[in-house]
Amino acid sequence: MNTPIRLALTMGDPAGIGPEIIVKAAHQMRDLVAQGRIELKVLGSAQALERAARLLQLDTAALDMIDVGPVTQPLTTGQISEAGGHWAYRAVERAVQLCQSGEADAIVTAPLCKEALHMAGYPFEGHTEMLAHLTGTRDGVMMLAHGPMRVTHVTTHCALAEVPGRLTPQRLRRVLDVTLEALHALGIRQPRVAVAGLNPHAGEGGILGKEDGAVIAPLVAEYAAAGHAVTGPWPGDTVFIKLRAAQFDAVVAMYHDQGHIPVKLLGFSIDPATGVWQSVSGVNITLGLPILRTSVDHGTAFDIAGTGRASAESMVDAIQYAMTLVEGRRTARPAL
């Protein structure tokens, strides 16, 4: 019998939609749990999980709940609070401990609120930075994925003015390495990676900026000479079209919005009659850490928390991506 894949699901901010999407996702994946293919450990507030289960009229038999309380501050569904930040941090902290002790194979995170996190005294910009801190790693890499659309980022949560200074040969080399390793783990034998330019038209031969020619092009040439199918720098306004056309397996983006916008544009399903988004798919994956982590590609959605309307599509995607990555490691592909 195959060893089950053990996933630590962090609830994120329990005042948001995290509890609801975890309950819905577990219901959708209950057969995999019953078959012994996966084990789902939930870390967060047991009370919030029970409240979500009652709201949705679904049971939590597929879930193993680990309460990380107590948190003494009050928590109200749909509201940002210090308590939400404490719950979110403690859940991730405990999940990291489970992975480090060998009790879990990967972490799957529901959304947290950065403002609540800061209110609770945890000065992190998000999950990626928190996980880097908890694992003693300084150079984690964010990958967004929506089906075959995979995008890694040289920089993420920083001001645009800081991006050129953070685009160094060392950082770009790190991002390329973990991108190639992740694609191998996903079963792609000869990954094709496009590197986006930093400036419009990839610098237009230096007219619109020097970084593309001075930093990106030499690194691309280095990887190509070593036999990797790495090309670029490509203009940012066309490279994602080529990715969608399956000409590449992944794109390396230079900054947050350059990579996030095309993936999220495809991930959101909009009701054309009302203009309201109905569901969102896609996965946020943290690479370059000693642990595996995938996440939903959306926020806490406090405005609909407690209504039962939140879509679990992205959570299901995140769980499935985590399963694929764990299986990739187990079959001795290069480690992330």
# chains A, B, ... in the order shown; residues from 1 in each chain; ligands from 1
$ residues_around --residues "Ile241 (chain A)" --least-positions-apart "5" --cutoff "12 Å" --atoms "only C-alpha atoms" --output "ChimeraX atom specification"
/A:149,194,196,234-236,246-248,250-251,262-263,266
$ write_last_selection --atoms "C-alpha atoms" --output "mmCIF file, in the first residue's frame"
data_model
loop_
_atom_site.group_PDB
_atom_site.id
_atom_site.type_symbol
_atom_site.label_atom_id
_atom_site.label_comp_id
_atom_site.auth_asym_id
_atom_site.auth_seq_id
_atom_site.Cartn_x
_atom_site.Cartn_y
_atom_site.Cartn_z
ATOM 1 C CA MET A 149 0.383 28.909 -16.658
ATOM 2 C CA ALA A 194 11.158 32.239 -20.558
ATOM 3 C CA ALA A 196 10.601 38.363 -18.849
ATOM 4 C CA TRP A 234 11.246 38.648 -23.509
ATOM 5 C CA PRO A 235 9.027 41.749 -23.545
ATOM 6 C CA GLY A 236 6.618 41.543 -20.638
ATOM 7 C CA ALA A 246 2.208 26.452 -24.496
ATOM 8 C CA GLN A 247 5.427 27.690 -26.079
ATOM 9 C CA PHE A 248 6.941 27.705 -22.581
ATOM 10 C CA ALA A 250 7.031 28.756 -17.096
ATOM 11 C CA VAL A 251 7.916 32.438 -17.119
ATOM 12 C CA PRO A 262 -1.853 37.570 -16.209
ATOM 13 C CA VAL A 263 -2.302 34.534 -13.951
ATOM 14 C CA LEU A 266 -7.259 33.827 -16.126
#
$ select_by_dssp --residues "region 11-56 of chain A" --states "strand (DSSP E or B)" --output "number ranges by chain"
A: 38-44
$ closest_residue --among "A:Met315, A:Asp249, A:Gly140, A:Phe124" --to "His27 (chain A)" --atoms "only C-alpha atoms"
A:Met315
$ closest_residue --among "A:Gly209, A:Gly306, A:Pro233, A:Pro169" --to "Val193 (chain A)" --atoms "only C-alpha atoms"
A:Pro233
$ closest_residue --among "A:Leu287, A:Leu134, A:Leu7, A:Ala95" --to "Ala318 (chain A)" --atoms "only C-alpha atoms"
A:Leu7
$ residues_around --residues "Leu160 (chain A)" --least-positions-apart "4" --cutoff "12 Å" --atoms "only C-alpha atoms" --output "MDAnalysis selection string"
chainID A and resid 155:156 164:167 198:199 254:258
